[in-house]
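Visitor: Dropping in upload_22.tsv, with TSV, C-alpha atoms.
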```
chain	number	residue	atom	x	y	z
A	1	MET	CA	-1.88	8.28	0.13
A	2	PHE	CA	-3.24	8.04	3.69
A	3	ARG	CA	-4.42	11.66	3.80
A	4	ALA	CA	-6.20	11.28	0.46
A	5	ASN	CA	-7.86	7.99	1.34
A	6	ARG	CA	-9.86	8.02	4.55
A	7	LYS	CA	-11.17	4.49	3.90
A	8	PHE	CA	-7.74	2.94	3.85
A	9	LEU	CA	-6.54	5.08	6.77
A	10	LEU	CA	-9.38	3.72	8.94
A	11	PHE	CA	-8.59	0.20	7.83
A	12	PHE	CA	-4.85	0.68	8.36
A	13	ILE	CA	-5.31	1.93	11.93
A	14	GLY	CA	-7.73	-0.88	12.76
A	15	ARG	CA	-5.47	-3.47	11.17
A	16	THR	CA	-2.41	-2.14	13.01
A	17	ILE	CA	-4.22	-2.46	16.35
A	18	ASP	CA	-5.45	-5.92	15.32
A	19	LEU	CA	-1.90	-6.96	14.41
A	20	ALA	CA	-0.62	-5.76	17.77
A	21	GLY	CA	-3.05	-8.09	19.51
A	22	SER	CA	-2.42	-10.95	17.07
A	23	ALA	CA	1.35	-10.70	17.58
A	24	MET	CA	0.89	-10.95	21.33
A	25	THR	CA	-1.60	-13.83	21.34
A	26	PRO	CA	0.72	-16.83	20.66
A	27	VAL	CA	3.32	-15.57	23.13
A	28	VAL	CA	0.74	-14.78	25.83
A	29	LEU	CA	-0.96	-18.12	25.28
A	30	ALA	CA	2.27	-20.13	25.43
A	31	LEU	CA	3.61	-18.32	28.50
A	32	ALA	CA	0.25	-18.39	30.28
A	33	VAL	CA	-0.12	-22.15	29.80
A	34	LEU	CA	3.47	-22.69	30.92
A	35	GLN	CA	2.79	-20.58	34.01
A	36	ALA	CA	-0.32	-22.62	34.81
A	37	THR	CA	1.00	-26.13	34.07
A	38	ASN	CA	4.79	-25.91	33.71
A	39	SER	CA	4.39	-28.38	30.85
A	40	VAL	CA	5.82	-27.95	27.35
A	41	SER	CA	3.54	-30.73	26.09
A	42	ASP	CA	0.42	-28.92	27.31
A	43	THR	CA	1.62	-25.76	25.59
A	44	GLY	CA	2.09	-27.68	22.33
A	45	VAL	CA	-1.43	-29.08	22.56
A	46	VAL	CA	-2.97	-25.62	22.99
A	47	LEU	CA	-0.94	-24.07	20.16
A	48	ALA	CA	-1.72	-26.96	17.80
A	49	ALA	CA	-5.41	-26.61	18.65
A	50	ASN	CA	-5.16	-23.00	17.49
A	51	VAL	CA	-3.58	-23.81	14.10
A	52	LEU	CA	-5.46	-26.86	12.81
A	53	PRO	CA	-9.02	-25.40	12.69
A	54	ALA	CA	-7.68	-22.43	10.71
A	55	LEU	CA	-6.41	-24.77	7.99
A	56	ILE	CA	-9.53	-26.93	8.01
A	57	LEU	CA	-11.99	-24.03	7.69
A	58	MET	CA	-9.93	-21.77	5.43
A	59	LEU	CA	-11.83	-22.65	2.24
A	60	LEU	CA	-15.17	-21.98	3.90
A	61	GLY	CA	-13.80	-18.65	5.10
A	62	GLY	CA	-12.93	-17.74	1.52
A	63	VAL	CA	-16.46	-18.50	0.32
A	64	VAL	CA	-18.03	-16.42	3.10
A	65	ALA	CA	-15.72	-13.47	2.38
A	66	ASP	CA	-16.88	-13.48	-1.25
A	67	ARG	CA	-20.57	-13.65	-0.23
A	68	ILE	CA	-20.97	-10.83	2.28
A	69	SER	CA	-19.31	-7.58	3.31
A	70	ARG	CA	-15.66	-8.17	4.12
A	71	ALA	CA	-15.75	-5.19	6.48
A	72	ARG	CA	-18.62	-6.80	8.37
A	73	ILE	CA	-16.67	-10.06	8.62
A	74	LEU	CA	-13.74	-8.19	10.17
A	75	ILE	CA	-16.01	-6.50	12.72
A	76	ILE	CA	-17.57	-9.83	13.70
A	77	THR	CA	-14.29	-11.76	13.85
A	78	CYS	CA	-12.62	-9.06	15.97
A	79	GLY	CA	-15.58	-9.10	18.35
A	80	LEU	CA	-15.52	-12.88	18.60
A	81	SER	CA	-11.74	-12.86	19.11
A	82	ALA	CA	-12.20	-10.45	22.00
A	83	LEU	CA	-14.77	-12.77	23.59
A	84	VAL	CA	-12.45	-15.77	23.22
A	85	GLN	CA	-9.55	-13.87	24.78
A	86	LEU	CA	-11.76	-12.80	27.70
A	87	ALA	CA	-12.90	-16.40	28.18
A	88	MET	CA	-9.27	-17.53	28.27
A	89	ALA	CA	-8.48	-14.78	30.77
A	90	ALA	CA	-11.39	-15.89	32.98
A	91	ALA	CA	-10.10	-19.46	32.86
A	92	LEU	CA	-6.69	-18.31	34.07
A	93	PHE	CA	-8.15	-15.99	36.72
A	94	SER	CA	-10.18	-18.91	38.12
A	95	GLN	CA	-6.97	-20.63	39.30
A	96	SER	CA	-8.47	-23.98	38.19
A	97	PHE	CA	-6.66	-24.49	34.88
A	98	SER	CA	-8.28	-26.89	32.41
A	99	LEU	CA	-6.20	-28.02	29.45
A	100	ILE	CA	-9.30	-29.18	27.59
A	101	LEU	CA	-11.02	-25.81	28.05
A	102	MET	CA	-7.94	-23.85	26.91
A	103	ALA	CA	-7.52	-26.13	23.89
A	104	VAL	CA	-11.19	-25.63	22.94
A	105	LEU	CA	-10.88	-21.85	23.27
A	106	ALA	CA	-7.65	-21.90	21.24
A	107	ALA	CA	-9.48	-23.91	18.58
A	108	CYS	CA	-12.25	-21.29	18.55
A	109	SER	CA	-9.61	-18.63	17.96
A	110	GLY	CA	-8.24	-20.65	15.04
A	111	MET	CA	-11.72	-21.00	13.56
A	112	ILE	CA	-12.19	-17.24	13.70
A	113	SER	CA	-8.90	-16.60	11.89
A	114	ALA	CA	-10.05	-18.92	9.08
A	115	PHE	CA	-12.74	-16.33	8.28
A	116	SER	CA	-10.77	-13.16	8.95
A	117	SER	CA	-7.73	-14.02	6.80
A	118	PRO	CA	-9.54	-14.30	3.42
A	119	ALA	CA	-11.47	-11.11	4.19
A	120	LEU	CA	-8.25	-9.25	4.98
A	121	ARG	CA	-6.62	-10.31	1.72
A	122	GLY	CA	-9.74	-9.48	-0.28
A	123	ILE	CA	-10.63	-6.08	1.15
A	124	VAL	CA	-7.59	-4.03	0.06
A	125	PRO	CA	-8.73	-3.56	-3.59
A	126	ASP	CA	-12.08	-2.32	-2.22
A	127	LEU	CA	-10.32	0.47	-0.35
A	128	VAL	CA	-7.58	1.81	-2.65
A	129	ASP	CA	-7.16	2.53	-6.33
A	130	GLU	CA	-5.32	-0.10	-8.32
A	131	ASP	CA	-2.21	2.06	-8.71
A	132	TYR	CA	-1.78	2.15	-4.93
A	133	ILE	CA	-2.34	-1.52	-4.12
A	134	GLN	CA	1.37	-2.34	-3.75
A	135	THR	CA	1.85	0.78	-1.60
A	136	ALA	CA	-1.08	-0.29	0.57
A	137	ASN	CA	0.31	-3.80	0.95
A	138	ALA	CA	3.74	-2.43	1.80
A	139	ALA	CA	2.19	-0.17	4.45
A	140	LEU	CA	0.32	-3.13	5.94
A	141	ALA	CA	3.53	-5.18	5.85
A	142	THR	CA	5.26	-2.35	7.73
A	143	ALA	CA	2.66	-2.51	10.48
A	144	LYS	CA	2.85	-6.31	10.57
A	145	ASN	CA	6.63	-6.37	10.79
A	146	ALA	CA	6.68	-3.67	13.47
A	147	SER	CA	4.23	-5.74	15.51
A	148	LYS	CA	6.61	-8.71	15.23
A	149	ILE	CA	9.27	-6.65	16.99
A	150	LEU	CA	7.12	-5.05	19.68
A	151	GLY	CA	4.30	-7.58	20.16
A	152	PRO	CA	6.26	-10.50	21.66
A	153	THR	CA	8.25	-8.17	23.92
A	154	ILE	CA	5.12	-6.46	25.25
A	155	ALA	CA	3.43	-9.85	25.67
A	156	GLY	CA	6.34	-11.20	27.69
A	157	LEU	CA	6.40	-8.16	29.96
A	158	LEU	CA	2.63	-8.32	30.51
A	159	VAL	CA	2.73	-11.99	31.45
A	160	ALA	CA	5.75	-11.47	33.72
A	161	PHE	CA	4.42	-8.46	35.62
A	162	ALA	CA	0.62	-8.62	35.28
A	163	GLY	CA	0.00	-12.33	34.73
A	164	GLY	CA	-1.36	-14.28	31.78
A	165	GLY	CA	-4.99	-13.44	32.56
A	166	MET	CA	-4.48	-9.68	32.54
A	167	ALA	CA	-2.36	-9.95	29.39
A	168	LEU	CA	-5.26	-11.70	27.64
A	169	VAL	CA	-7.67	-8.97	28.82
A	170	ILE	CA	-5.44	-6.32	27.22
A	171	ASP	CA	-5.22	-8.52	24.14
A	172	ALA	CA	-9.04	-8.57	23.98
A	173	ILE	CA	-9.15	-4.77	24.19
A	174	THR	CA	-7.00	-4.49	21.05
A	175	PHE	CA	-9.56	-6.56	19.13
A	176	ILE	CA	-12.42	-4.37	20.37
A	177	LEU	CA	-10.58	-1.21	19.28
A	178	ALA	CA	-9.85	-2.73	15.88
A	179	ALA	CA	-13.54	-3.61	15.44
A	180	ALA	CA	-14.43	0.01	16.23
A	181	PHE	CA	-12.28	1.25	13.34
A	182	PHE	CA	-13.51	-1.45	10.95
A	183	SER	CA	-17.10	-0.46	11.78
A	184	ARG	CA	-16.42	2.95	10.22
A	185	LEU	CA	-15.51	1.51	6.84
A	186	PRO	CA	-18.03	2.49	4.13
A	187	GLY	CA	-20.63	0.11	2.79
A	188	GLN	CA	-19.05	-0.28	-0.63
A	189	THR	CA	-16.49	-2.66	0.86
A	190	SER	CA	-19.07	-5.39	0.42
A	191	ALA	CA	-18.24	-8.33	-1.77
A	192	LYS	CA	-20.62	-9.11	-4.63
A	193	ARG	CA	-23.76	-10.77	-3.29
A	194	HIS	CA	-24.39	-14.34	-4.40
A	195	GLN	CA	-27.56	-16.37	-4.63
A	196	ASP	CA	-25.78	-19.69	-5.24
A	197	GLY	CA	-25.04	-22.21	-2.51
A	198	MET	CA	-21.69	-22.31	-0.79
A	199	LEU	CA	-20.56	-25.58	-2.39
A	200	LYS	CA	-21.24	-24.19	-5.84
A	201	GLN	CA	-19.34	-21.02	-4.98
A	202	LEU	CA	-16.42	-23.04	-3.69
A	203	SER	CA	-16.46	-25.01	-6.93
A	204	GLU	CA	-16.46	-21.73	-8.87
A	205	GLY	CA	-13.51	-20.56	-6.80
A	206	PHE	CA	-11.57	-23.71	-7.69
A	207	ALA	CA	-12.46	-23.17	-11.35
A	208	VAL	CA	-11.01	-19.64	-11.27
A	209	PHE	CA	-7.96	-20.94	-9.38
A	210	ARG	CA	-7.32	-23.65	-12.00
A	211	ARG	CA	-7.82	-21.19	-14.85
A	212	LEU	CA	-5.14	-18.84	-13.53
A	213	ARG	CA	-2.01	-20.82	-14.31
A	214	TRP	CA	0.32	-18.31	-12.65
A	215	VAL	CA	-1.62	-18.58	-9.38
A	216	TRP	CA	-1.56	-22.36	-9.02
A	217	THR	CA	2.01	-22.49	-10.29
A	218	LEU	CA	3.13	-20.16	-7.51
A	219	SER	CA	0.91	-21.88	-4.93
A	220	LEU	CA	2.60	-25.21	-5.69
A	221	SER	CA	6.00	-23.52	-5.69
A	222	TYR	CA	5.46	-21.88	-2.31
A	223	ALA	CA	4.16	-25.19	-0.91
A	224	MET	CA	7.48	-26.81	-1.85
A	225	ILE	CA	9.46	-23.78	-0.66
A	226	ASN	CA	7.73	-23.93	2.73
A	227	LEU	CA	8.54	-27.64	2.92
A	228	PHE	CA	12.25	-26.87	2.64
A	229	VAL	CA	12.28	-23.62	4.65
A	230	ILE	CA	10.01	-23.83	7.69
A	231	GLY	CA	11.37	-26.94	9.38
A	232	PRO	CA	15.05	-26.18	8.75
A	233	TRP	CA	14.60	-22.58	9.95
A	234	GLN	CA	12.34	-23.19	12.95
A	235	VAL	CA	13.76	-26.50	14.19
A	236	ILE	CA	17.35	-27.08	13.03
A	237	SER	CA	18.70	-23.51	12.88
A	238	PRO	CA	17.98	-22.57	16.51
A	239	ASP	CA	19.46	-25.86	17.70
A	240	LEU	CA	22.70	-25.33	15.77
A	241	ILE	CA	22.96	-21.73	16.97
A	242	ARG	CA	22.38	-22.93	20.53
A	243	GLN	CA	25.14	-25.51	20.19
A	244	ASP	CA	27.68	-23.14	18.62
A	245	HIS	CA	26.77	-20.04	20.66
A	246	ASN	CA	23.81	-19.92	23.08
A	247	VAL	CA	20.04	-19.58	23.15
A	248	ALA	CA	20.21	-15.79	23.53
A	249	VAL	CA	21.98	-15.49	20.16
A	250	TRP	CA	18.99	-17.08	18.43
A	251	GLY	CA	16.77	-14.45	20.01
A	252	ILE	CA	19.05	-11.75	18.62
A	253	ILE	CA	18.89	-13.34	15.17
A	254	LEU	CA	15.08	-13.24	15.27
A	255	SER	CA	15.17	-9.58	16.32
A	256	VAL	CA	17.58	-8.76	13.48
A	257	ARG	CA	15.27	-10.57	11.08
A	258	ALA	CA	12.25	-8.63	12.32
A	259	ALA	CA	14.13	-5.35	11.97
A	260	GLY	CA	15.10	-6.31	8.43
A	261	LEU	CA	11.49	-7.12	7.56
A	262	LEU	CA	10.39	-3.73	8.87
A	263	CYS	CA	13.05	-1.84	6.87
A	264	ALA	CA	12.21	-3.82	3.73
A	265	SER	CA	8.51	-3.03	3.96
A	266	ILE	CA	9.31	0.69	4.30
A	267	VAL	CA	11.51	0.53	1.17
A	268	LEU	CA	8.70	-1.18	-0.74
A	269	LEU	CA	6.39	1.76	-0.04
A	270	LYS	CA	8.18	3.57	-2.88
A	271	LEU	CA	9.75	0.79	-4.96
A	272	ARG	CA	7.91	-0.42	-8.08
A	273	PHE	CA	8.51	-3.43	-10.34
A	274	LYS	CA	7.39	-3.68	-13.96
A	275	ASN	CA	7.09	-7.47	-13.56
A	276	PRO	CA	6.24	-7.92	-9.87
A	277	LEU	CA	6.15	-11.72	-9.81
A	278	VAL	CA	9.51	-12.02	-11.54
A	279	ALA	CA	11.04	-9.54	-9.11
A	280	GLY	CA	9.37	-11.23	-6.14
A	281	LEU	CA	10.70	-14.66	-7.08
A	282	ILE	CA	14.24	-13.41	-7.74
A	283	PHE	CA	14.39	-11.49	-4.47
A	284	GLY	CA	12.54	-14.31	-2.69
A	285	SER	CA	15.42	-16.68	-3.42
A	286	MET	CA	17.32	-14.71	-0.75
A	287	THR	CA	15.22	-16.65	1.77
A	288	ALA	CA	17.75	-19.47	1.40
A	289	LEU	CA	20.78	-17.38	2.42
A	290	PRO	CA	20.37	-17.66	6.23
A	291	LEU	CA	20.07	-21.45	5.92
A	292	LEU	CA	23.24	-21.46	3.85
A	293	ALA	CA	25.12	-19.24	6.31
A	294	ILE	CA	24.17	-21.34	9.34
A	295	GLY	CA	24.79	-24.55	7.40
A	296	ILE	CA	28.43	-23.61	6.65
A	297	ASN	CA	29.06	-22.30	10.20
A	298	ALA	CA	29.60	-18.72	9.06
A	299	PRO	CA	30.80	-16.24	11.71
A	300	ILE	CA	27.91	-14.94	13.78
A	301	ALA	CA	28.43	-11.36	12.54
A	302	VAL	CA	28.06	-12.61	8.95
A	303	ILE	CA	24.88	-14.49	9.90
A	304	PHE	CA	23.42	-11.30	11.40
A	305	ILE	CA	24.13	-9.38	8.17
A	306	ILE	CA	22.75	-12.11	5.92
A	307	VAL	CA	19.58	-12.51	8.00
A	308	PHE	CA	18.97	-8.75	7.85
A	309	VAL	CA	19.60	-8.47	4.09
A	310	SER	CA	17.59	-11.59	3.21
A	311	SER	CA	14.56	-10.06	4.92
A	312	PHE	CA	14.12	-7.82	1.88
A	313	GLY	CA	13.57	-10.90	-0.27
A	314	ILE	CA	10.96	-12.32	2.11
A	315	THR	CA	9.02	-9.04	2.18
A	316	ALA	CA	9.32	-8.38	-1.56
A	317	ALA	CA	8.00	-11.85	-2.41
A	318	GLY	CA	4.99	-11.43	-0.12
A	319	VAL	CA	4.08	-7.88	-1.14
A	320	THR	CA	4.41	-8.47	-4.89
A	321	TYR	CA	2.43	-11.70	-4.80
A	322	ASP	CA	-0.43	-10.25	-2.74
A	323	SER	CA	-0.53	-7.20	-5.03
A	324	ALA	CA	-0.65	-9.42	-8.12
A	325	LEU	CA	-3.54	-11.43	-6.68
A	326	GLN	CA	-5.45	-8.27	-5.80
A	327	THR	CA	-4.99	-6.71	-9.26
A	328	ARG	CA	-5.37	-9.80	-11.46
A	329	VAL	CA	-8.04	-11.89	-9.74
A	330	PRO	CA	-11.68	-10.72	-10.08
A	331	ARG	CA	-12.79	-9.15	-6.79
A	332	SER	CA	-15.91	-11.31	-6.59
A	333	GLU	CA	-13.69	-14.44	-6.43
A	334	LEU	CA	-10.63	-12.94	-4.73
A	335	SER	CA	-11.18	-14.24	-1.20
A	336	ARG	CA	-11.93	-17.77	-2.43
A	337	VAL	CA	-8.84	-17.87	-4.63
A	338	ALA	CA	-6.73	-16.43	-1.80
A	339	SER	CA	-8.00	-19.05	0.67
A	340	ILE	CA	-7.26	-21.90	-1.75
A	341	ASP	CA	-3.82	-20.41	-2.32
A	342	ASP	CA	-3.19	-20.16	1.43
A	343	LEU	CA	-4.33	-23.71	2.10
A	344	LEU	CA	-2.13	-25.17	-0.62
A	345	SER	CA	0.88	-23.01	0.19
A	346	PHE	CA	0.86	-23.74	3.94
A	347	ALA	CA	-0.29	-27.37	3.84
A	348	THR	CA	3.33	-28.53	3.82
A	349	VAL	CA	4.30	-26.58	6.96
A	350	PRO	CA	3.34	-29.30	9.49
A	351	LEU	CA	5.02	-31.90	7.26
A	352	SER	CA	8.22	-29.86	7.17
A	353	GLN	CA	8.22	-29.49	10.95
A	354	ALA	CA	7.58	-33.20	11.47
A	355	LEU	CA	10.11	-34.55	8.95
A	356	VAL	CA	13.10	-32.29	9.49
A	357	GLY	CA	14.14	-33.90	12.78
A	358	PRO	CA	14.26	-37.52	11.52
A	359	VAL	CA	15.90	-36.46	8.24
A	360	SER	CA	18.60	-34.48	10.05
A	361	ARG	CA	19.42	-37.52	12.18
A	362	LEU	CA	19.91	-39.55	9.01
A	363	VAL	CA	21.99	-37.13	6.91
A	364	GLY	CA	23.17	-34.51	9.42
A	365	ALA	CA	21.79	-31.13	10.47
A	366	HIS	CA	24.32	-29.02	8.54
A	367	GLU	CA	23.75	-31.11	5.42
A	368	VAL	CA	19.98	-30.61	5.67
A	369	LEU	CA	20.43	-26.83	5.80
A	370	LEU	CA	22.76	-26.82	2.79
A	371	ILE	CA	20.51	-29.09	0.72
A	372	SER	CA	17.46	-27.04	1.71
A	373	ALA	CA	19.17	-23.76	0.78
A	374	ILE	CA	20.11	-25.00	-2.69
A	375	THR	CA	16.63	-26.46	-3.22
A	376	VAL	CA	14.90	-23.24	-2.10
A	377	ILE	CA	16.95	-21.14	-4.52
A	378	THR	CA	16.08	-23.54	-7.36
A	379	LEU	CA	12.39	-23.58	-6.46
A	380	HIS	CA	12.22	-19.79	-6.72
A	381	PHE	CA	13.53	-19.83	-10.29
A	382	VAL	CA	11.55	-22.82	-11.62
A	383	PRO	CA	8.23	-20.85	-11.87
A	384	LEU	CA	9.96	-18.37	-14.19
A	385	LEU	CA	9.89	-21.12	-16.82
A	386	VAL	CA	6.11	-20.66	-16.97
A	387	ARG	CA	5.18	-17.88	-19.39
A	388	ASP	CA	2.04	-16.88	-17.45
A	389	VAL	CA	4.22	-16.02	-14.46
A	390	ARG	CA	6.66	-13.94	-16.51
A	391	ILE	CA	4.04	-11.83	-18.26
A	392	VAL	CA	2.18	-10.58	-15.16
A	393	THR	CA	2.89	-6.83	-15.07
A	394	LYS	CA	1.92	-4.09	-12.69
A	395	GLU	CA	-0.73	-2.88	-15.16
A	396	ALA	CA	-3.87	-4.95	-14.67
A	397	THR	CA	-7.58	-4.47	-14.33
A	398	VAL	CA	-10.00	-6.58	-12.32
A	399	SER	CA	-13.76	-6.63	-12.37
```
Before anything else, please render the file you have as structure tokens.
Guide:
Amino acid sequence: MFRANRKFLLFFIGRTIDLAGSAMTPVVLALAVLQATNSVSDTGVVLAANVLPALILMLLGGVVADRISRARILIITCGLSALVQLAMAAALFSQSFSLILMAVLAACSGMISAFSSPALRGIVPDLVDEDYIQTANAALATAKNASKILGPTIAGLLVAFAGGGMALVIDAITFILAAAFFSRLPGQTSAKRHQDGMLKQLSEGFAVFRRLRWVWTLSLSYAMINLFVIGPWQVISPDLIRQDHNVAVWGIILSVRAAGLLCASIVLLKLRFKNPLVAGLIFGSMTALPLLAIGINAPIAVIFIIVFVSSFGITAAGVTYDSALQTRVPRSELSRVASIDDLLSFATVPLSQALVGPVSRLVGAHEVLLISAITVITLHFVPLLVRDVRIVTKEATVS
């Protein structure tokens, strides 16, 4: 497919370079702030400042991505990201660290991602034929999952041996290189031009979102799934592993998970599903298995195996859902619908992270993992009761 499609090849190379930088950014930022302040609280402030603007501006980003060329948006956002990274590097090189300045720059980075994310989800159907959309998404998932393995490691080495400032300079270079590849994308990657105001377009996006029952059904489902997955996985699981084994074992688990995600995305380059959403939900229920294994104190070797195998479900759910959106939602509204979907799906993440600690103190950490695992499995099968979800097939045409 790559040889036959120069447009997607250019995008794939640019996106892979972009992902390499994006995978390094949180690690570089966290380690650089720790180096400068030796304060976990300061690190939390900077990282939170990076996330919140992305959520707040996500809907606006979806409107913009449906108004103008998505390729142009990617060029601009990569360029701006490079400038922000260079500004952060300059702040670290100055030896006069300012938490407020770093938080503001991190917030700027989050604002930029609010515009790049909808454009990235909307541009794929502009670059490949409909029959190859799942293959394209699987290829992009492969690059993303590979970056999850290599990016943090490279970031850690750069910070350790070259310093946080130099690591951010190299990070900025990746964004510049990505922009260079995106600049070579052809002009037909433009979204349909609109004369209406942004508020009216946002309203139109919500109207399309409400009309597509399978989309809002899955958005609500993934919001609830994230509520029961993110906190238990990110907060409770590492603590239990640390208590029963040691911190290093949790690092190994994350590496095993990343390797599983990479292998799964490679498999999905060739695998096809007649009913992608049904398959994605069934396989997605495997997300609960690591919580179950840790919750029952399974042997560590069993946990490694389960984490690796369950990665297929995570990848299959993401690839099939993105492919369904890109083949069933009209391209002129795709970025807006995707941004609404993202906002709704991820809105429960901070809530999950905030609530899981107090809840675990009330009912017990192991009990929270077991209850969450059972709930997550159930939540993956509930949407199958909705006919609109079951009838989405791989054959679809969008305008």
Visitor: Do you know which residues are at most 12 Å from Leu29 in chain A counting all atoms listed in the file, after dropping those on the same chain fewer than 4 positions away, and could you put them as JSON, numbers by chain?
Guide: {"A": [21, 22, 23, 24, 25, 33, 34, 35, 36, 42, 43, 44, 45, 46, 47, 48, 49, 50, 84, 85, 88, 89, 91, 92, 99, 102, 103, 105, 106, 109, 152, 155, 156, 158, 159, 163, 164, 165, 166, 167, 168, 169, 171]}
Visitor: Residues proximal to (-1.8, -21.8, -6.4) were defined as those with any atom within 7 Å of that point in the file's coordinates, counting all atoms listed in the file. Which are they, as a tab-separated table (two decimals) with C-alpha atoms, in the coordinates of the input?
Guide:
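Final file, selection.tsv:
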```tsv
chain	number	residue	atom	x	y	z
A	209	PHE	CA	-7.96	-20.94	-9.38
A	215	VAL	CA	-1.62	-18.58	-9.38
A	216	TRP	CA	-1.56	-22.36	-9.02
A	217	THR	CA	2.01	-22.49	-10.29
A	218	LEU	CA	3.13	-20.16	-7.51
A	219	SER	CA	0.91	-21.88	-4.93
A	220	LEU	CA	2.60	-25.21	-5.69
A	341	ASP	CA	-3.82	-20.41	-2.32
A	344	LEU	CA	-2.13	-25.17	-0.62
```
Visitor: Which of these, A:Ala179, A:Leu157, A:Leu369, A:Ala338, has the shortest distance to Asp239 in chain A once you count only C-alpha atoms?
Guide: A:Leu369
Visitor: Rank A:Gly260, A:Pro186, A:Gly122, A:Gly364 by their smallest atom-to-atom distance to Val309 in chain A, using only C-alpha atoms, and report the top residue only.
Guide: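 Among the listed residues, A:Gly260 lies closest to Val309 in chain A.
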Visitor: I'd like the box whose edges run along x, y and z of the file and which contains every listed atom of range 336-348 of chain A, padded by 3 Å per side; could you state its centre and edge lengths in Å, one decimal, as JSON?
Guide:
```
{"center_x": -4.3, "center_y": -22.5, "center_z": -0.3, "size_x": 21.3, "size_y": 18.1, "size_z": 14.6}
```
Visitor: Considering all atoms listed in the file, state which residue in the set A:Ala87, A:Val63, A:Ile154, A:Asp244 is at the smallest distance from Phe115 in chain A.
Guide: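 The answer is A:Val63, which sits nearest to Phe115 in chain A.
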Visitor: Which value, in Å to one decimal, gives the distance between CA of Ile253 in chain A and CA of Ala373 in chain A?
Guide: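 Separation between CA of Ile253 in chain A and CA of Ala373 in chain A: 17.8 Å.
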Visitor: Skipping near chain neighbours, those fewer than 5 positions away, what residues fall within 12 Å of Arg242 in chain A using all atoms listed in the file, listed as a list of chain:residue names?
Guide: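 Listed by chain and then number, they are A:Val235, A:Ile236, A:Ser237, A:Val247, A:Ala248, A:Val249, A:Trp250, A:Gly251, A:Ile252, A:Ile253, A:Ile294, A:Ile300.
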Visitor: Pick out the residues sitting within 12 Å of Pro232 in chain A, and hand them over as a CSV table (one decimal) with C-alpha atoms, keeping the file's coordinate frame; count all atoms listed in the file, and ignore anything fewer than 4 positions along from it in its own chain.
Guide:
```
chain,number,residue,atom,x,y,z
A,225,ILE,CA,9.5,-23.8,-0.7
A,226,ASN,CA,7.7,-23.9,2.7
A,227,LEU,CA,8.5,-27.6,2.9
A,228,PHE,CA,12.2,-26.9,2.6
A,236,ILE,CA,17.4,-27.1,13.0
A,237,SER,CA,18.7,-23.5,12.9
A,238,PRO,CA,18.0,-22.6,16.5
A,239,ASP,CA,19.5,-25.9,17.7
A,240,LEU,CA,22.7,-25.3,15.8
A,287,THR,CA,15.2,-16.6,1.8
A,288,ALA,CA,17.8,-19.5,1.4
A,290,PRO,CA,20.4,-17.7,6.2
A,291,LEU,CA,20.1,-21.4,5.9
A,292,LEU,CA,23.2,-21.5,3.8
A,294,ILE,CA,24.2,-21.3,9.3
A,295,GLY,CA,24.8,-24.6,7.4
A,349,VAL,CA,4.3,-26.6,7.0
A,351,LEU,CA,5.0,-31.9,7.3
A,352,SER,CA,8.2,-29.9,7.2
A,353,GLN,CA,8.2,-29.5,11.0
A,354,ALA,CA,7.6,-33.2,11.5
A,355,LEU,CA,10.1,-34.6,9.0
A,356,VAL,CA,13.1,-32.3,9.5
A,357,GLY,CA,14.1,-33.9,12.8
A,358,PRO,CA,14.3,-37.5,11.5
A,359,VAL,CA,15.9,-36.5,8.2
A,360,SER,CA,18.6,-34.5,10.0
A,364,GLY,CA,23.2,-34.5,9.4
A,365,ALA,CA,21.8,-31.1,10.5
A,366,HIS,CA,24.3,-29.0,8.5
A,367,GLU,CA,23.8,-31.1,5.4
A,368,VAL,CA,20.0,-30.6,5.7
A,369,LEU,CA,20.4,-26.8,5.8
A,370,LEU,CA,22.8,-26.8,2.8
A,371,ILE,CA,20.5,-29.1,0.7
A,372,SER,CA,17.5,-27.0,1.7
A,373,ALA,CA,19.2,-23.8,0.8
A,376,VAL,CA,14.9,-23.2,-2.1
```
Visitor: Residues within 10 Å of Ala259 in chain A, please, as a PDB file with C-alpha atoms, in the coordinates of the input. Count only C-alpha atoms; anything in the same chain fewer than 6 positions from it doesn't count.
Guide:
```pdb
ATOM      1  CA  ASN A 145       6.630  -6.370  10.790  1.00  0.00           C
ATOM      2  CA  ALA A 146       6.680  -3.670  13.470  1.00  0.00           C
ATOM      3  CA  LYS A 148       6.610  -8.710  15.230  1.00  0.00           C
ATOM      4  CA  ILE A 149       9.270  -6.650  16.990  1.00  0.00           C
ATOM      5  CA  ILE A 253      18.890 -13.340  15.170  1.00  0.00           C
ATOM      6  CA  VAL A 307      19.580 -12.510   8.000  1.00  0.00           C
ATOM      7  CA  PHE A 308      18.970  -8.750   7.850  1.00  0.00           C
ATOM      8  CA  SER A 311      14.560 -10.060   4.920  1.00  0.00           C
TER       9      SER A 311
END
```
